[in-house]
Amino acid sequence: MTSTLSYFKWAFIVTAVGLLASAAYGYFSFGAGGALTCLFITAVLAVLEISLSFDNAVVNANKLKAMSHVWQRRFLTWGILIAVFGMRLVFPLVIVALAAKIGPIAAIHLAFAEPRAYAEIMHHAHLPIAAFGGTFLLMVGLTYFFDHDKDVHWLPWLEEPMARSASIKGIEIGIALVLILVFSGLVAEERAQDFLYPALYGLITFLAVEILSGFLDASQAKAAKTAAQGGLGAFIYLEVLDASFSFDGVVGAFALTKNLLVIAIGLGIGAMYVRSLTILLVDRKTLSHFRFLEHGAFYAILVLAVIMFAQTLVHIPEAVTGLVGAGLIGLSLWSSLRWRKLERIKQAL
């Protein structure tokens, strides 16, 4: 069996290269003090990304286990390039270009020549980003629990009624729309539309990705029995999901530094550990060994979605978000171990 550390080989390599690059950039730009500062901020950002995205790894593994081996590898190779360079480097530039109505070259110039102005634009864009990403993640979480085929329940008193209610068509969409209307009413009146429309776009994007995923994967299936194996459709779904997880971390990173390069390196290192953890969970079939681990991850997603909505009203530190998610996953892991112990006792009797 492959050792656990070997799964993180590339993550360790990227960590070493990333920290060296960050320190070198800081040294040649700001001197010895700058090197230490850049090194520290990069490390903090990497840890922040890992803590915020652990549930992302569990959800990725949940989807990947049903995908064909070819598409698993494509997601874990091409997908990482999209996640690291696309979401952590290109995405902030696109947001600033759109928000400031400037070209991509001007956005790059602004990022490095006027980092404070760049960060201010990103901060102002946080509300629509949180509305879009929060709605997408909310639908991901609700769809998992409102499923009439779901027969394993961590919290039966809550999950059993949700599973039974899945027969009501569109109940998840109804819940999402109610939350969107509630929060759009709480946001300052002059920015209500900045929340409402991106939130609705997030809902439409989720539905479009679901439809597209089903169509693409069904068309690629060679036989009915393989239709459940994900292909291009599942790949697109996972990339949009990863983007939704990344929104909050990317914007939140500007609270630590205004330097786009340092942010990209730090979050990129964290993303590599998330991908390595995803591979481990899939290869070791960890989700099948820990009965309630998926439940903890999807509860964490629901909490993250609500936090992203709440952040449009009040500031919530990223550390709180990470700790809540990690706590829910930790509880689900403990419950899984406890369940296995009780099952062994029952079998022994």
# chains A, B, ... in the order shown; residues from 1 in each chain; ligands from 1
>>> residues_around(residues="Ala125 in chain A", least_positions_apart="4", cutoff="12 Å", atoms="only C-alpha atoms", output="ChimeraX atom specification")
/A:92-100,118-121,129-132,191,194-195,198,247-248,250-252,312
>>> residues_around(residues="Gly325 in chain A", least_positions_apart="3", cutoff="7 Å", atoms="only C-alpha atoms", output="ChimeraX atom specification")
/A:55,300,321-322,328-329
>>> write_last_selection(atoms="C-alpha atoms", output="PDB file, in the first residue's frame")
ATOM      1  CA  ASP A  55     -14.518  19.953   3.372  1.00  0.00           C
ATOM      2  CA  ALA A 300     -19.760  22.427   6.771  1.00  0.00           C
ATOM      3  CA  THR A 321     -15.022  29.797   9.182  1.00  0.00           C
ATOM      4  CA  GLY A 322     -12.149  27.329   9.086  1.00  0.00           C
ATOM      5  CA  LEU A 328     -18.036  19.625  12.044  1.00  0.00           C
ATOM      6  CA  ILE A 329     -15.789  17.255  10.112  1.00  0.00           C
TER       7      ILE A 329
END
>>> residues_around(residues="Gly270 in chain A", least_positions_apart="3", cutoff="12 Å", atoms="only C-alpha atoms", output="number ranges by chain")
A: 8, 10-12, 14-15, 18-19, 42-54, 56-57, 80, 83-84, 88, 246, 249-250, 263-267, 273-277
>>> atom_distance(atom1="CA of Ala163 in chain A", atom2="CA of Asp151 in chain A")
8.2 Å
>>> closest_residue(among="A:Ile171, A:Leu261, A:Leu200, A:Leu241", to="Val90 in chain A", atoms="only C-alpha atoms")
A:Leu261
>>> closest_residue(among="A:Leu304, A:Thr77, A:Ile105, A:Leu5", to="Val320 in chain A", atoms="only C-alpha atoms")
A:Leu304
>>> select_by_dssp(residues="range 122-182 of chain A", states="helix (DSSP H, G or I)", output="PyMOL selection string")
chain A and resi 122-124+126-145+156-165+171-182
>>> residues_around(residues="Leu313 in chain A", least_positions_apart="4", cutoff="12 Å", atoms="only C-alpha atoms", output="PyMOL selection string")
chain A and resi 126-127+130-131+182-189+191-192+195+306-309
>>> residues_around(residues="Val140 in chain A", least_positions_apart="4", cutoff="8 Å", atoms="only C-alpha atoms", output="PyMOL selection string")
chain A and resi 136+144+206+298+301
>>> decode(residues="range 138-151 of chain A", atoms="all heavy atoms", output="PDB file, in the first residue's frame")
ATOM      1  N   LEU A 138     -24.747  26.685  -1.132  1.00  0.00           N
ATOM      2  CA  LEU A 138     -26.003  26.368  -0.447  1.00  0.00           C
ATOM      3  C   LEU A 138     -26.768  25.294  -1.211  1.00  0.00           C
ATOM      4  O   LEU A 138     -27.274  24.338  -0.615  1.00  0.00           O
ATOM      5  CB  LEU A 138     -26.854  27.635  -0.324  1.00  0.00           C
ATOM      6  CG  LEU A 138     -28.212  27.475   0.377  1.00  0.00           C
ATOM      7  CD1 LEU A 138     -28.021  27.126   1.847  1.00  0.00           C
ATOM      8  CD2 LEU A 138     -29.030  28.762   0.238  1.00  0.00           C
ATOM      9  N   MET A 139     -26.824  25.415  -2.524  1.00  0.00           N
ATOM     10  CA  MET A 139     -27.520  24.426  -3.340  1.00  0.00           C
ATOM     11  C   MET A 139     -26.803  23.077  -3.320  1.00  0.00           C
ATOM     12  O   MET A 139     -27.438  22.026  -3.311  1.00  0.00           O
ATOM     13  CB  MET A 139     -27.648  24.931  -4.781  1.00  0.00           C
ATOM     14  CG  MET A 139     -28.674  26.045  -4.959  1.00  0.00           C
ATOM     15  SD  MET A 139     -30.342  25.540  -4.475  1.00  0.00           S
ATOM     16  CE  MET A 139     -30.655  24.218  -5.643  1.00  0.00           C
ATOM     17  N   VAL A 140     -25.480  23.102  -3.280  1.00  0.00           N
ATOM     18  CA  VAL A 140     -24.710  21.849  -3.184  1.00  0.00           C
ATOM     19  C   VAL A 140     -25.071  21.109  -1.903  1.00  0.00           C
ATOM     20  O   VAL A 140     -25.337  19.904  -1.906  1.00  0.00           O
ATOM     21  CB  VAL A 140     -23.195  22.135  -3.230  1.00  0.00           C
ATOM     22  CG1 VAL A 140     -22.391  20.881  -2.867  1.00  0.00           C
ATOM     23  CG2 VAL A 140     -22.784  22.626  -4.610  1.00  0.00           C
ATOM     24  N   GLY A 141     -25.092  21.839  -0.774  1.00  0.00           N
ATOM     25  CA  GLY A 141     -25.420  21.222   0.508  1.00  0.00           C
ATOM     26  C   GLY A 141     -26.855  20.752   0.592  1.00  0.00           C
ATOM     27  O   GLY A 141     -27.138  19.634   1.035  1.00  0.00           O
ATOM     28  N   LEU A 142     -27.800  21.579   0.150  1.00  0.00           N
ATOM     29  CA  LEU A 142     -29.216  21.217   0.219  1.00  0.00           C
ATOM     30  C   LEU A 142     -29.517  20.005  -0.663  1.00  0.00           C
ATOM     31  O   LEU A 142     -30.302  19.128  -0.279  1.00  0.00           O
ATOM     32  CB  LEU A 142     -30.083  22.404  -0.205  1.00  0.00           C
ATOM     33  CG  LEU A 142     -30.120  23.598   0.749  1.00  0.00           C
ATOM     34  CD1 LEU A 142     -30.923  24.747   0.141  1.00  0.00           C
ATOM     35  CD2 LEU A 142     -30.699  23.201   2.103  1.00  0.00           C
ATOM     36  N   THR A 143     -28.902  19.948  -1.837  1.00  0.00           N
ATOM     37  CA  THR A 143     -29.145  18.829  -2.753  1.00  0.00           C
ATOM     38  C   THR A 143     -28.689  17.512  -2.141  1.00  0.00           C
ATOM     39  O   THR A 143     -29.300  16.461  -2.383  1.00  0.00           O
ATOM     40  CB  THR A 143     -28.427  19.073  -4.090  1.00  0.00           C
ATOM     41  OG1 THR A 143     -28.887  20.303  -4.656  1.00  0.00           O
ATOM     42  CG2 THR A 143     -28.704  17.943  -5.071  1.00  0.00           C
ATOM     43  N   TYR A 144     -27.623  17.561  -1.351  1.00  0.00           N
ATOM     44  CA  TYR A 144     -27.138  16.328  -0.708  1.00  0.00           C
ATOM     45  C   TYR A 144     -28.149  15.803   0.309  1.00  0.00           C
ATOM     46  O   TYR A 144     -28.416  14.595   0.362  1.00  0.00           O
ATOM     47  CB  TYR A 144     -25.806  16.604  -0.016  1.00  0.00           C
ATOM     48  CG  TYR A 144     -25.270  15.413   0.758  1.00  0.00           C
ATOM     49  CD1 TYR A 144     -24.637  14.362   0.115  1.00  0.00           C
ATOM     50  CD2 TYR A 144     -25.409  15.337   2.147  1.00  0.00           C
ATOM     51  CE1 TYR A 144     -24.146  13.260   0.810  1.00  0.00           C
ATOM     52  CE2 TYR A 144     -24.936  14.251   2.861  1.00  0.00           C
ATOM     53  CZ  TYR A 144     -24.304  13.217   2.183  1.00  0.00           C
ATOM     54  OH  TYR A 144     -23.834  12.137   2.891  1.00  0.00           O
ATOM     55  N   PHE A 145     -28.730  16.680   1.111  1.00  0.00           N
ATOM     56  CA  PHE A 145     -29.625  16.242   2.179  1.00  0.00           C
ATOM     57  C   PHE A 145     -31.061  16.014   1.688  1.00  0.00           C
ATOM     58  O   PHE A 145     -31.756  15.130   2.187  1.00  0.00           O
ATOM     59  CB  PHE A 145     -29.614  17.250   3.328  1.00  0.00           C
ATOM     60  CG  PHE A 145     -28.321  17.262   4.091  1.00  0.00           C
ATOM     61  CD1 PHE A 145     -27.420  18.315   3.959  1.00  0.00           C
ATOM     62  CD2 PHE A 145     -27.994  16.214   4.936  1.00  0.00           C
ATOM     63  CE1 PHE A 145     -26.225  18.315   4.661  1.00  0.00           C
ATOM     64  CE2 PHE A 145     -26.791  16.204   5.636  1.00  0.00           C
ATOM     65  CZ  PHE A 145     -25.908  17.256   5.490  1.00  0.00           C
ATOM     66  N   PHE A 146     -31.511  16.803   0.723  1.00  0.00           N
ATOM     67  CA  PHE A 146     -32.854  16.590   0.162  1.00  0.00           C
ATOM     68  C   PHE A 146     -32.760  15.574  -0.973  1.00  0.00           C
ATOM     69  O   PHE A 146     -32.876  15.910  -2.151  1.00  0.00           O
ATOM     70  CB  PHE A 146     -33.446  17.913  -0.322  1.00  0.00           C
ATOM     71  CG  PHE A 146     -33.930  18.793   0.792  1.00  0.00           C
ATOM     72  CD1 PHE A 146     -33.132  19.824   1.275  1.00  0.00           C
ATOM     73  CD2 PHE A 146     -35.168  18.588   1.371  1.00  0.00           C
ATOM     74  CE1 PHE A 146     -33.569  20.638   2.316  1.00  0.00           C
ATOM     75  CE2 PHE A 146     -35.624  19.400   2.419  1.00  0.00           C
ATOM     76  CZ  PHE A 146     -34.813  20.420   2.891  1.00  0.00           C
ATOM     77  N   ASP A 147     -32.551  14.338  -0.600  1.00  0.00           N
ATOM     78  CA  ASP A 147     -32.388  13.233  -1.550  1.00  0.00           C
ATOM     79  C   ASP A 147     -33.157  12.031  -1.018  1.00  0.00           C
ATOM     80  O   ASP A 147     -32.795  11.475   0.031  1.00  0.00           O
ATOM     81  CB  ASP A 147     -30.897  12.898  -1.706  1.00  0.00           C
ATOM     82  CG  ASP A 147     -30.640  11.750  -2.664  1.00  0.00           C
ATOM     83  OD1 ASP A 147     -31.607  11.244  -3.264  1.00  0.00           O
ATOM     84  OD2 ASP A 147     -29.469  11.359  -2.803  1.00  0.00           O
ATOM     85  N   HIS A 148     -34.227  11.631  -1.729  1.00  0.00           N
ATOM     86  CA  HIS A 148     -35.069  10.539  -1.205  1.00  0.00           C
ATOM     87  C   HIS A 148     -34.361   9.187  -1.248  1.00  0.00           C
ATOM     88  O   HIS A 148     -34.816   8.219  -0.639  1.00  0.00           O
ATOM     89  CB  HIS A 148     -36.404  10.473  -1.968  1.00  0.00           C
ATOM     90  CG  HIS A 148     -36.244  10.316  -3.453  1.00  0.00           C
ATOM     91  ND1 HIS A 148     -35.937   9.125  -4.045  1.00  0.00           N
ATOM     92  CD2 HIS A 148     -36.358  11.229  -4.454  1.00  0.00           C
ATOM     93  CE1 HIS A 148     -35.869   9.296  -5.351  1.00  0.00           C
ATOM     94  NE2 HIS A 148     -36.110  10.559  -5.624  1.00  0.00           N
ATOM     95  N   ASP A 149     -33.218   9.086  -1.973  1.00  0.00           N
ATOM     96  CA  ASP A 149     -32.447   7.837  -2.004  1.00  0.00           C
ATOM     97  C   ASP A 149     -31.420   7.766  -0.867  1.00  0.00           C
ATOM     98  O   ASP A 149     -30.775   6.735  -0.682  1.00  0.00           O
ATOM     99  CB  ASP A 149     -31.713   7.701  -3.348  1.00  0.00           C
ATOM    100  CG  ASP A 149     -32.684   7.482  -4.504  1.00  0.00           C
ATOM    101  OD1 ASP A 149     -33.725   6.837  -4.271  1.00  0.00           O
ATOM    102  OD2 ASP A 149     -32.401   7.963  -5.617  1.00  0.00           O
ATOM    103  N   LYS A 150     -31.254   8.855  -0.140  1.00  0.00           N
ATOM    104  CA  LYS A 150     -30.281   8.890   0.955  1.00  0.00           C
ATOM    105  C   LYS A 150     -30.818   8.085   2.140  1.00  0.00           C
ATOM    106  O   LYS A 150     -31.866   8.400   2.701  1.00  0.00           O
ATOM    107  CB  LYS A 150     -30.043  10.343   1.376  1.00  0.00           C
ATOM    108  CG  LYS A 150     -28.996  10.534   2.460  1.00  0.00           C
ATOM    109  CD  LYS A 150     -28.771  12.028   2.680  1.00  0.00           C
ATOM    110  CE  LYS A 150     -27.804  12.265   3.824  1.00  0.00           C
ATOM    111  NZ  LYS A 150     -28.377  11.891   5.125  1.00  0.00           N
ATOM    112  N   ASP A 151     -30.103   7.034   2.516  1.00  0.00           N
ATOM    113  CA  ASP A 151     -30.578   6.157   3.593  1.00  0.00           C
ATOM    114  C   ASP A 151     -29.635   6.078   4.787  1.00  0.00           C
ATOM    115  O   ASP A 151     -29.908   5.374   5.756  1.00  0.00           O
ATOM    116  CB  ASP A 151     -30.844   4.746   3.056  1.00  0.00           C
ATOM    117  CG  ASP A 151     -29.630   4.157   2.348  1.00  0.00           C
ATOM    118  OD1 ASP A 151     -28.571   4.818   2.335  1.00  0.00           O
ATOM    119  OD2 ASP A 151     -29.744   3.047   1.797  1.00  0.00           O
TER     120      ASP A 151
END
